[in-house]
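Participant: What follows is the file work16.csv, containing CSV, N, CA and C atoms:
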chain,number,residue,atom,x,y,z
A,1,GLN,N,-13.6,8.3,-35.5
A,1,GLN,CA,-12.7,7.7,-34.5
A,1,GLN,C,-12.4,8.8,-33.4
A,2,VAL,N,-12.4,8.3,-32.2
A,2,VAL,CA,-12.1,9.1,-31.0
A,2,VAL,C,-10.9,8.5,-30.2
A,3,GLN,N,-9.9,9.2,-29.9
A,3,GLN,CA,-8.9,8.7,-29.1
A,3,GLN,C,-8.9,9.5,-27.7
A,4,LEU,N,-8.8,8.7,-26.6
A,4,LEU,CA,-9.0,9.2,-25.3
A,4,LEU,C,-7.7,9.0,-24.5
A,5,VAL,N,-7.3,10.0,-23.7
A,5,VAL,CA,-6.2,9.9,-22.8
A,5,VAL,C,-6.5,10.4,-21.5
A,6,GLU,N,-6.5,9.6,-20.4
A,6,GLU,CA,-6.8,10.0,-19.1
A,6,GLU,C,-5.5,10.4,-18.3
A,7,SER,N,-5.8,11.3,-17.3
A,7,SER,CA,-4.7,11.7,-16.4
A,7,SER,C,-5.3,12.1,-15.1
A,8,GLY,N,-4.4,12.3,-14.1
A,8,GLY,CA,-4.9,12.8,-12.8
A,8,GLY,C,-5.0,11.8,-11.7
A,9,GLY,N,-4.8,10.5,-12.1
A,9,GLY,CA,-4.8,9.5,-11.0
A,9,GLY,C,-3.7,9.6,-10.0
A,10,GLY,N,-3.7,8.8,-9.0
A,10,GLY,CA,-2.7,8.9,-8.0
A,10,GLY,C,-3.1,8.2,-6.7
A,11,LEU,N,-2.3,8.5,-5.7
A,11,LEU,CA,-2.5,7.9,-4.3
A,11,LEU,C,-3.0,9.0,-3.4
A,12,VAL,N,-4.1,8.8,-2.7
A,12,VAL,CA,-4.7,9.8,-1.8
A,12,VAL,C,-5.2,9.1,-0.6
A,13,GLN,N,-5.2,9.8,0.5
A,13,GLN,CA,-5.8,9.2,1.7
A,13,GLN,C,-7.3,9.2,1.7
A,14,ALA,N,-7.9,8.4,2.5
A,14,ALA,CA,-9.4,8.4,2.6
A,14,ALA,C,-9.9,9.7,3.0
A,15,GLY,N,-10.9,10.2,2.4
A,15,GLY,CA,-11.5,11.5,2.7
A,15,GLY,C,-10.9,12.6,1.8
A,16,GLY,N,-9.9,12.3,1.0
A,16,GLY,CA,-9.3,13.2,0.1
A,16,GLY,C,-10.0,13.3,-1.2
A,17,SER,N,-9.4,14.1,-2.1
A,17,SER,CA,-10.0,14.4,-3.4
A,17,SER,C,-9.0,14.2,-4.5
A,18,LEU,N,-9.5,13.9,-5.7
A,18,LEU,CA,-8.7,13.9,-6.9
A,18,LEU,C,-9.6,14.3,-8.0
A,19,ARG,N,-9.0,14.9,-9.1
A,19,ARG,CA,-9.7,15.2,-10.3
A,19,ARG,C,-9.1,14.5,-11.5
A,20,LEU,N,-9.9,13.7,-12.1
A,20,LEU,CA,-9.4,13.0,-13.3
A,20,LEU,C,-9.8,13.8,-14.5
A,21,SER,N,-8.9,13.7,-15.6
A,21,SER,CA,-9.2,14.4,-16.8
A,21,SER,C,-9.1,13.4,-17.9
A,22,CYS,N,-9.9,13.6,-19.0
A,22,CYS,CA,-9.8,12.7,-20.2
A,22,CYS,C,-9.9,13.6,-21.4
A,23,ALA,N,-8.7,13.7,-22.1
A,23,ALA,CA,-8.6,14.5,-23.3
A,23,ALA,C,-8.9,13.7,-24.5
A,24,ALA,N,-9.8,14.2,-25.4
A,24,ALA,CA,-10.3,13.5,-26.5
A,24,ALA,C,-9.7,14.1,-27.8
A,25,SER,N,-9.5,13.3,-28.8
A,25,SER,CA,-9.1,13.8,-30.1
A,25,SER,C,-10.3,14.0,-30.9
A,26,GLY,N,-10.3,14.6,-32.1
A,26,GLY,CA,-11.4,14.7,-33.0
A,26,GLY,C,-12.2,16.0,-32.9
A,27,ARG,N,-12.9,16.3,-34.0
A,27,ARG,CA,-13.6,17.5,-34.1
A,27,ARG,C,-15.0,17.5,-33.7
A,28,THR,N,-15.5,16.3,-33.3
A,28,THR,CA,-16.9,16.1,-33.0
A,28,THR,C,-17.1,15.7,-31.6
A,29,PHE,N,-16.2,16.1,-30.7
A,29,PHE,CA,-16.2,15.7,-29.3
A,29,PHE,C,-17.6,16.0,-28.7
A,30,SER,N,-18.1,17.2,-29.0
A,30,SER,CA,-19.4,17.6,-28.3
A,30,SER,C,-20.6,16.7,-28.6
A,31,SER,N,-20.5,16.0,-29.7
A,31,SER,CA,-21.6,15.1,-30.1
A,31,SER,C,-21.6,13.8,-29.4
A,32,TYR,N,-20.5,13.5,-28.6
A,32,TYR,CA,-20.4,12.2,-27.9
A,32,TYR,C,-20.8,12.3,-26.5
A,33,ALA,N,-21.5,11.3,-26.0
A,33,ALA,CA,-21.7,11.1,-24.6
A,33,ALA,C,-20.4,10.5,-24.0
A,34,MET,N,-20.0,11.0,-22.9
A,34,MET,CA,-18.8,10.5,-22.3
A,34,MET,C,-19.1,9.8,-21.0
A,35,GLY,N,-18.4,8.8,-20.7
A,35,GLY,CA,-18.6,8.0,-19.5
A,35,GLY,C,-17.3,7.8,-18.7
A,36,TRP,N,-17.4,7.6,-17.4
A,36,TRP,CA,-16.2,7.1,-16.6
A,36,TRP,C,-16.6,5.8,-16.0
A,37,PHE,N,-15.7,4.8,-16.1
A,37,PHE,CA,-15.9,3.5,-15.6
A,37,PHE,C,-14.7,3.2,-14.7
A,38,ARG,N,-14.8,2.2,-13.8
A,38,ARG,CA,-13.7,1.8,-13.0
A,38,ARG,C,-13.6,0.3,-12.9
A,39,GLN,N,-12.4,-0.2,-12.7
A,39,GLN,CA,-12.3,-1.7,-12.5
A,39,GLN,C,-11.3,-1.9,-11.4
A,40,ALA,N,-11.7,-2.6,-10.4
A,40,ALA,CA,-10.8,-3.0,-9.3
A,40,ALA,C,-10.3,-4.4,-9.6
A,41,PRO,N,-9.2,-4.8,-9.0
A,41,PRO,CA,-8.6,-6.1,-9.2
A,41,PRO,C,-9.6,-7.2,-8.8
A,42,GLY,N,-9.8,-8.1,-9.8
A,42,GLY,CA,-10.7,-9.2,-9.5
A,42,GLY,C,-12.1,-8.9,-9.6
A,43,LYS,N,-12.5,-7.7,-10.1
A,43,LYS,CA,-13.9,-7.3,-10.2
A,43,LYS,C,-14.2,-6.9,-11.6
A,44,GLU,N,-15.5,-6.9,-11.9
A,44,GLU,CA,-15.9,-6.5,-13.3
A,44,GLU,C,-15.8,-5.0,-13.4
A,45,ARG,N,-15.7,-4.5,-14.6
A,45,ARG,CA,-15.8,-3.1,-14.9
A,45,ARG,C,-17.1,-2.5,-14.4
A,46,GLU,N,-17.0,-1.3,-13.8
A,46,GLU,CA,-18.2,-0.8,-13.1
A,46,GLU,C,-18.5,0.7,-13.6
A,47,PHE,N,-19.7,1.0,-13.9
A,47,PHE,CA,-20.1,2.3,-14.4
A,47,PHE,C,-19.9,3.3,-13.2
A,48,VAL,N,-19.4,4.5,-13.5
A,48,VAL,CA,-19.3,5.5,-12.5
A,48,VAL,C,-20.2,6.7,-12.8
A,49,ALA,N,-20.0,7.3,-14.0
A,49,ALA,CA,-20.8,8.5,-14.3
A,49,ALA,C,-20.8,8.7,-15.8
A,50,SER,N,-21.7,9.4,-16.3
A,50,SER,CA,-21.7,9.8,-17.7
A,50,SER,C,-22.3,11.1,-17.9
A,51,ILE,N,-22.0,11.8,-19.1
A,51,ILE,CA,-22.5,13.1,-19.3
A,51,ILE,C,-22.7,13.3,-20.8
A,52,ARG,N,-23.8,14.0,-21.2
A,52,ARG,CA,-24.1,14.4,-22.6
A,52,ARG,C,-24.4,15.8,-22.6
A,53,TRP,N,-23.9,16.5,-23.6
A,53,TRP,CA,-24.2,17.9,-23.9
A,53,TRP,C,-25.4,18.0,-24.7
A,54,SER,N,-26.4,18.8,-24.3
A,54,SER,CA,-27.7,18.9,-25.1
A,54,SER,C,-27.8,20.2,-25.8
A,55,GLY,N,-26.7,21.0,-25.8
A,55,GLY,CA,-26.8,22.3,-26.5
A,55,GLY,C,-26.8,23.5,-25.5
A,56,GLY,N,-26.2,24.6,-25.8
A,56,GLY,CA,-26.2,25.7,-24.9
A,56,GLY,C,-25.5,25.4,-23.6
A,57,SER,N,-26.2,25.6,-22.5
A,57,SER,CA,-25.6,25.3,-21.2
A,57,SER,C,-26.3,24.1,-20.6
A,58,VAL,N,-26.9,23.3,-21.4
A,58,VAL,CA,-27.7,22.1,-20.9
A,58,VAL,C,-26.9,20.8,-21.0
A,59,TYR,N,-26.7,20.2,-19.9
A,59,TYR,CA,-26.0,18.9,-19.8
A,59,TYR,C,-26.9,17.9,-19.1
A,60,PHE,N,-26.8,16.7,-19.5
A,60,PHE,CA,-27.5,15.6,-18.8
A,60,PHE,C,-26.4,14.7,-18.2
A,61,THR,N,-26.6,14.3,-16.9
A,61,THR,CA,-25.6,13.5,-16.2
A,61,THR,C,-26.3,12.3,-15.6
A,62,ARG,N,-25.5,11.3,-15.3
A,62,ARG,CA,-26.0,10.1,-14.7
A,62,ARG,C,-24.9,9.6,-13.8
A,63,TYR,N,-25.2,9.1,-12.6
A,63,TYR,CA,-24.2,8.6,-11.7
A,63,TYR,C,-24.6,7.2,-11.1
A,64,ALA,N,-23.6,6.4,-10.8
A,64,ALA,CA,-23.8,5.2,-10.0
A,64,ALA,C,-24.2,5.6,-8.6
A,65,ASP,N,-25.0,4.8,-8.0
A,65,ASP,CA,-25.4,5.1,-6.6
A,65,ASP,C,-24.3,5.2,-5.6
A,66,SER,N,-23.2,4.4,-5.9
A,66,SER,CA,-22.1,4.4,-5.0
A,66,SER,C,-21.3,5.7,-5.0
A,67,VAL,N,-21.5,6.5,-6.0
A,67,VAL,CA,-20.7,7.8,-6.0
A,67,VAL,C,-21.5,9.0,-6.0
A,68,LYS,N,-22.8,8.9,-6.0
A,68,LYS,CA,-23.7,10.1,-5.9
A,68,LYS,C,-23.4,10.9,-4.7
A,69,GLY,N,-23.3,12.2,-4.9
A,69,GLY,CA,-23.0,13.1,-3.8
A,69,GLY,C,-21.5,13.3,-3.5
A,70,ARG,N,-20.7,12.5,-4.1
A,70,ARG,CA,-19.2,12.5,-3.9
A,70,ARG,C,-18.5,12.9,-5.1
A,71,PHE,N,-18.9,12.3,-6.3
A,71,PHE,CA,-18.3,12.5,-7.5
A,71,PHE,C,-19.1,13.5,-8.4
A,72,THR,N,-18.4,14.2,-9.2
A,72,THR,CA,-19.1,15.1,-10.2
A,72,THR,C,-18.4,15.0,-11.5
A,73,ILE,N,-19.2,14.7,-12.6
A,73,ILE,CA,-18.7,14.6,-13.9
A,73,ILE,C,-19.0,16.0,-14.6
A,74,SER,N,-18.1,16.4,-15.4
A,74,SER,CA,-18.3,17.7,-16.2
A,74,SER,C,-17.5,17.6,-17.5
A,75,ARG,N,-17.7,18.5,-18.4
A,75,ARG,CA,-17.0,18.5,-19.6
A,75,ARG,C,-16.8,19.9,-20.1
A,76,ASP,N,-15.8,20.1,-20.9
A,76,ASP,CA,-15.4,21.4,-21.5
A,76,ASP,C,-15.3,21.1,-23.0
A,77,ASN,N,-16.3,21.3,-23.8
A,77,ASN,CA,-16.3,21.0,-25.2
A,77,ASN,C,-15.3,21.8,-26.0
A,78,ALA,N,-15.0,23.0,-25.5
A,78,ALA,CA,-13.9,23.8,-26.2
A,78,ALA,C,-12.5,23.2,-26.0
A,79,LYS,N,-12.3,22.4,-24.9
A,79,LYS,CA,-11.1,21.8,-24.7
A,79,LYS,C,-11.1,20.3,-25.0
A,80,ASN,N,-12.2,19.8,-25.5
A,80,ASN,CA,-12.3,18.4,-25.8
A,80,ASN,C,-12.0,17.5,-24.6
A,81,THR,N,-12.4,17.9,-23.4
A,81,THR,CA,-12.0,17.3,-22.2
A,81,THR,C,-13.2,17.0,-21.3
A,82,VAL,N,-13.2,15.8,-20.7
A,82,VAL,CA,-14.2,15.5,-19.7
A,82,VAL,C,-13.5,15.3,-18.3
A,83,TYR,N,-14.1,15.6,-17.3
A,83,TYR,CA,-13.5,15.6,-15.9
A,83,TYR,C,-14.3,14.7,-15.0
A,84,LEU,N,-13.7,14.2,-14.0
A,84,LEU,CA,-14.3,13.5,-12.9
A,84,LEU,C,-13.7,14.0,-11.6
A,85,GLN,N,-14.5,14.9,-10.9
A,85,GLN,CA,-14.1,15.4,-9.6
A,85,GLN,C,-14.5,14.4,-8.6
A,86,MET,N,-13.6,13.9,-7.8
A,86,MET,CA,-13.9,12.8,-6.8
A,86,MET,C,-13.5,13.4,-5.4
A,87,ASN,N,-14.5,13.5,-4.6
A,87,ASN,CA,-14.4,14.0,-3.2
A,87,ASN,C,-14.7,12.9,-2.2
A,88,SER,N,-14.3,13.1,-1.0
A,88,SER,CA,-14.7,12.1,0.1
A,88,SER,C,-14.3,10.7,-0.4
A,89,LEU,N,-13.1,10.5,-0.9
A,89,LEU,CA,-12.8,9.2,-1.4
A,89,LEU,C,-12.7,8.2,-0.3
A,90,LYS,N,-13.0,7.0,-0.7
A,90,LYS,CA,-13.0,5.8,0.2
A,90,LYS,C,-12.0,4.7,-0.3
A,91,PRO,N,-11.5,3.9,0.5
A,91,PRO,CA,-10.7,2.8,0.0
A,91,PRO,C,-11.3,2.0,-1.1
A,92,GLU,N,-12.6,1.8,-1.0
A,92,GLU,CA,-13.3,1.0,-2.0
A,92,GLU,C,-13.4,1.7,-3.3
A,93,ASP,N,-13.0,2.9,-3.4
A,93,ASP,CA,-13.0,3.6,-4.7
A,93,ASP,C,-11.7,3.3,-5.5
A,94,THR,N,-10.8,2.6,-4.8
A,94,THR,CA,-9.5,2.2,-5.5
A,94,THR,C,-9.8,1.3,-6.7
A,95,ALA,N,-9.3,1.7,-7.9
A,95,ALA,CA,-9.5,1.0,-9.1
A,95,ALA,C,-8.7,1.8,-10.2
A,96,VAL,N,-8.7,1.1,-11.4
A,96,VAL,CA,-8.3,1.8,-12.6
A,96,VAL,C,-9.5,2.5,-13.2
A,97,TYR,N,-9.4,3.8,-13.4
A,97,TYR,CA,-10.5,4.6,-13.9
A,97,TYR,C,-10.3,4.8,-15.4
A,98,SER,N,-11.3,4.6,-16.2
A,98,SER,CA,-11.2,4.8,-17.7
A,98,SER,C,-12.3,5.6,-18.2
A,99,CYS,N,-12.0,6.5,-19.1
A,99,CYS,CA,-13.1,7.2,-19.8
A,99,CYS,C,-13.5,6.5,-21.1
A,100,ALA,N,-14.7,6.8,-21.5
A,100,ALA,CA,-15.2,6.1,-22.7
A,100,ALA,C,-16.1,7.1,-23.4
A,101,ALA,N,-16.3,6.8,-24.7
A,101,ALA,CA,-17.1,7.7,-25.6
A,101,ALA,C,-18.1,6.9,-26.4
A,102,THR,N,-19.3,7.4,-26.5
A,102,THR,CA,-20.3,6.8,-27.4
A,102,THR,C,-21.2,7.8,-28.1
A,103,ILE,N,-21.7,7.5,-29.2
A,103,ILE,CA,-22.5,8.4,-30.0
A,103,ILE,C,-24.0,8.2,-29.6
A,104,ARG,N,-24.2,7.2,-28.8
A,104,ARG,CA,-25.6,6.9,-28.4
A,104,ARG,C,-26.3,8.1,-27.7
A,105,VAL,N,-27.5,8.3,-27.9
A,105,VAL,CA,-28.3,9.4,-27.4
A,105,VAL,C,-28.5,9.3,-25.9
A,106,GLU,N,-28.8,8.1,-25.5
A,106,GLU,CA,-29.1,7.9,-24.0
A,106,GLU,C,-27.9,7.8,-23.2
A,107,LEU,N,-27.9,8.1,-22.0
A,107,LEU,CA,-26.8,8.0,-21.1
A,107,LEU,C,-26.7,6.6,-20.6
A,108,THR,N,-26.1,5.7,-21.4
A,108,THR,CA,-26.0,4.3,-21.0
A,108,THR,C,-24.9,4.1,-20.0
A,109,SER,N,-25.1,3.1,-19.2
A,109,SER,CA,-24.2,2.7,-18.2
A,109,SER,C,-23.5,1.4,-18.5
A,110,LEU,N,-23.8,0.9,-19.7
A,110,LEU,CA,-23.3,-0.4,-20.1
A,110,LEU,C,-22.0,-0.3,-20.9
A,111,PRO,N,-20.9,-0.9,-20.4
A,111,PRO,CA,-19.6,-0.7,-21.1
A,111,PRO,C,-19.6,-1.1,-22.5
A,112,HIS,N,-20.3,-2.2,-22.9
A,112,HIS,CA,-20.3,-2.6,-24.3
A,112,HIS,C,-20.9,-1.6,-25.3
A,113,GLU,N,-21.6,-0.6,-24.8
A,113,GLU,CA,-22.2,0.4,-25.6
A,113,GLU,C,-21.3,1.6,-25.8
A,114,TYR,N,-20.1,1.5,-25.3
A,114,TYR,CA,-19.1,2.6,-25.5
A,114,TYR,C,-18.0,2.0,-26.4
A,115,PRO,N,-17.9,2.4,-27.7
A,115,PRO,CA,-16.9,1.8,-28.6
A,115,PRO,C,-15.5,2.4,-28.4
A,116,TYR,N,-15.4,3.5,-27.7
A,116,TYR,CA,-14.0,4.2,-27.6
A,116,TYR,C,-13.6,4.3,-26.2
A,117,TRP,N,-12.4,3.9,-25.9
A,117,TRP,CA,-11.9,3.8,-24.5
A,117,TRP,C,-10.5,4.4,-24.4
A,118,GLY,N,-10.2,5.0,-23.3
A,118,GLY,CA,-8.8,5.3,-22.9
A,118,GLY,C,-8.1,4.2,-22.3
A,119,GLN,N,-6.8,4.4,-21.9
A,119,GLN,CA,-6.0,3.4,-21.4
A,119,GLN,C,-6.2,3.2,-19.9
A,120,GLY,N,-6.8,4.2,-19.2
A,120,GLY,CA,-7.0,4.1,-17.8
A,120,GLY,C,-6.0,4.8,-17.0
A,121,THR,N,-6.4,5.2,-15.8
A,121,THR,CA,-5.4,5.8,-14.8
A,121,THR,C,-5.8,5.2,-13.4
A,122,GLN,N,-4.7,4.9,-12.7
A,122,GLN,CA,-4.9,4.2,-11.4
A,122,GLN,C,-5.2,5.2,-10.3
A,123,VAL,N,-6.2,4.9,-9.5
A,123,VAL,CA,-6.6,5.7,-8.3
A,123,VAL,C,-6.5,4.7,-7.2
A,124,THR,N,-5.7,5.1,-6.2
A,124,THR,CA,-5.5,4.3,-5.0
A,124,THR,C,-5.8,5.2,-3.8
A,125,VAL,N,-6.8,4.7,-3.0
A,125,VAL,CA,-7.2,5.4,-1.8
A,125,VAL,C,-6.8,4.6,-0.5
A,126,SER,N,-5.9,5.2,0.3
A,126,SER,CA,-5.4,4.5,1.4
A,126,SER,C,-6.3,4.8,2.7
A,127,SER,N,-6.4,3.8,3.5
A,127,SER,CA,-7.2,4.0,4.7
A,127,SER,C,-6.4,4.6,5.9
Can I see the file as structure tokens?
Facilitator:
Amino acid sequence: QVQLVESGGGLVQAGGSLRLSCAASGRTFSSYAMGWFRQAPGKEREFVASIRWSGGSVYFTRYADSVKGRFTISRDNAKNTVYLQMNSLKPEDTAVYSCAATIRVELTSLPHEYPYWGQGTQVTVSS
């Protein structure tokens, strides 16, 4: 079992930055692939980014096209935490952002392949 708690959301102007954090419980955090998803009102949940640790200093990451070059996912296995650095934010980035965990080896972008979810944190980008 993994429990996830997000933080760091808020209100920011377009062009600004925010860093989201997701703290995980459990002793096997490093073995999980971690993902960030978002859901805007009236829309389906959307994949944002995912990361897997491959050992040593090797990490694999995957990003949605809509955030490539603006968002960066990272993790600190010693702190059981995954981060999402969001730069050059746009009003269309407004959504509830949730982190998720999966034991799957591949960096999946499908929400149903992540069995563990946090409660989400609101990000609002004003124009």
Participant: Need to verify the contact set: segment 33-37 of chain A, 5 Å, all atoms listed in the file, exclusion of same-chain residues closer than 6 positions in sequence. Can you return it as an MDAnalysis selection string?
Facilitator: chainID A and resid 46:52 97:103
Participant: Counting only N, CA and C atoms, what is within 6.5 Å of Arg70 of chain A, bar same-chain residues fewer than 5 positions away, as a PyMOL selection string?
Facilitator: chain A and resi 85-88
Participant: Which residue out of A:Ala14, A:Ile73, A:Ala78, A:Leu110 has the minimum interatomic distance to Pro91 of chain A when only N, CA and C atoms are used?
Facilitator: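 Looking at the shortest contact to Pro91 of chain A, the residue is A:Ala14.
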Participant: Among the residues of chain A, find those DSSP assigns to strand (DSSP E) from the backbone and print them as a PyMOL selection string.
Facilitator: chain A and resi 4-7+10-13+18-24+33-39+46-55+58-63+71-76+81-86+95-102+116-117+121-126
Participant: Report, in Å with one decimal, the straight-line distance from atom N of Trp53 of chain A to atom N of Val82 of chain A.
Facilitator: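 Interatomic distance, atom N of Trp53 of chain A to atom N of Val82 of chain A: 11.1 Å.
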Participant: When you look at segment 2-12 of chain A with a cut-off of 5 Å (counting only N, CA and C atoms), what residues show up, excluding the ones that are within fewer than 6 positions of it in the same chain? I need them as a PyMOL selection string.
Facilitator: chain A and resi 19-25+118+122-126
Participant: Using all atoms listed in the file, find the one residue out of A:Asn80, A:Thr121, A:Ser109, A:Thr61 that sits nearest to Thr28 of chain A.
Facilitator: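 Looking at the shortest contact to Thr28 of chain A, the residue is A:Asn80.
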Participant: Would you mind reading off the distance between atom CA of Glu106 of chain A and atom CA of Asp93 of chain A, one decimal, in Å?
Facilitator: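 Between these atoms lies a distance of 25.5 Å.
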Participant: I need the residues in segment 17-89 of chain A that are helix (DSSP H, G or I) according to DSSP; give them as a list in words.
Facilitator: Phe29, Ser30, Ser31, Asn77, Ala78 and Lys79 of chain A
Participant: Could you turn the residues from that selection into a file that holds N, CA and C atoms, as a CSV table (one decimal), in the coordinates of the input?
Facilitator:
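out38.csv written:
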chain,number,residue,atom,x,y,z
A,29,PHE,N,-16.2,16.1,-30.7
A,29,PHE,CA,-16.2,15.7,-29.3
A,29,PHE,C,-17.6,16.0,-28.7
A,30,SER,N,-18.1,17.2,-29.0
A,30,SER,CA,-19.4,17.6,-28.3
A,30,SER,C,-20.6,16.7,-28.6
A,31,SER,N,-20.5,16.0,-29.7
A,31,SER,CA,-21.6,15.1,-30.1
A,31,SER,C,-21.6,13.8,-29.4
A,77,ASN,N,-16.3,21.3,-23.8
A,77,ASN,CA,-16.3,21.0,-25.2
A,77,ASN,C,-15.3,21.8,-26.0
A,78,ALA,N,-15.0,23.0,-25.5
A,78,ALA,CA,-13.9,23.8,-26.2
A,78,ALA,C,-12.5,23.2,-26.0
A,79,LYS,N,-12.3,22.4,-24.9
A,79,LYS,CA,-11.1,21.8,-24.7
A,79,LYS,C,-11.1,20.3,-25.0
Participant: Of the candidates A:Phe71, A:Tyr114, A:Tyr59, A:Tyr83, which one gets nearest to Ser17 of chain A if we count only C-alpha atoms?
Facilitator: A:Phe71
Participant: Go ahead and compute the interatomic distance for atom C of Tyr63 of chain A and atom N of Arg38 of chain A, in Å to one decimal.
Facilitator: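 One can read the atom C of Tyr63 of chain A to atom N of Arg38 of chain A distance as 11.3 Å.
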Participant: Would you please work out which residue, of A:Glu113, A:Ser30, A:Ala40, A:Thr94, is nearest to Ser54 of chain A when using all atoms listed in the file?
Facilitator: A:Ser30
Participant: Between A:Gly120, A:Lys68, A:Lys79, A:Gln1, which one has atoms that come closest to Ala95 of chain A, using only N, CA and C atoms?
Facilitator: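 Result for the nearest residue to Ala95 of chain A: A:Gly120.
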Participant: Which is closest to Pro41 of chain A among A:Tyr116, A:Val67, A:Thr81, A:Val96, if we use only N, CA and C atoms?
Facilitator: A:Val96
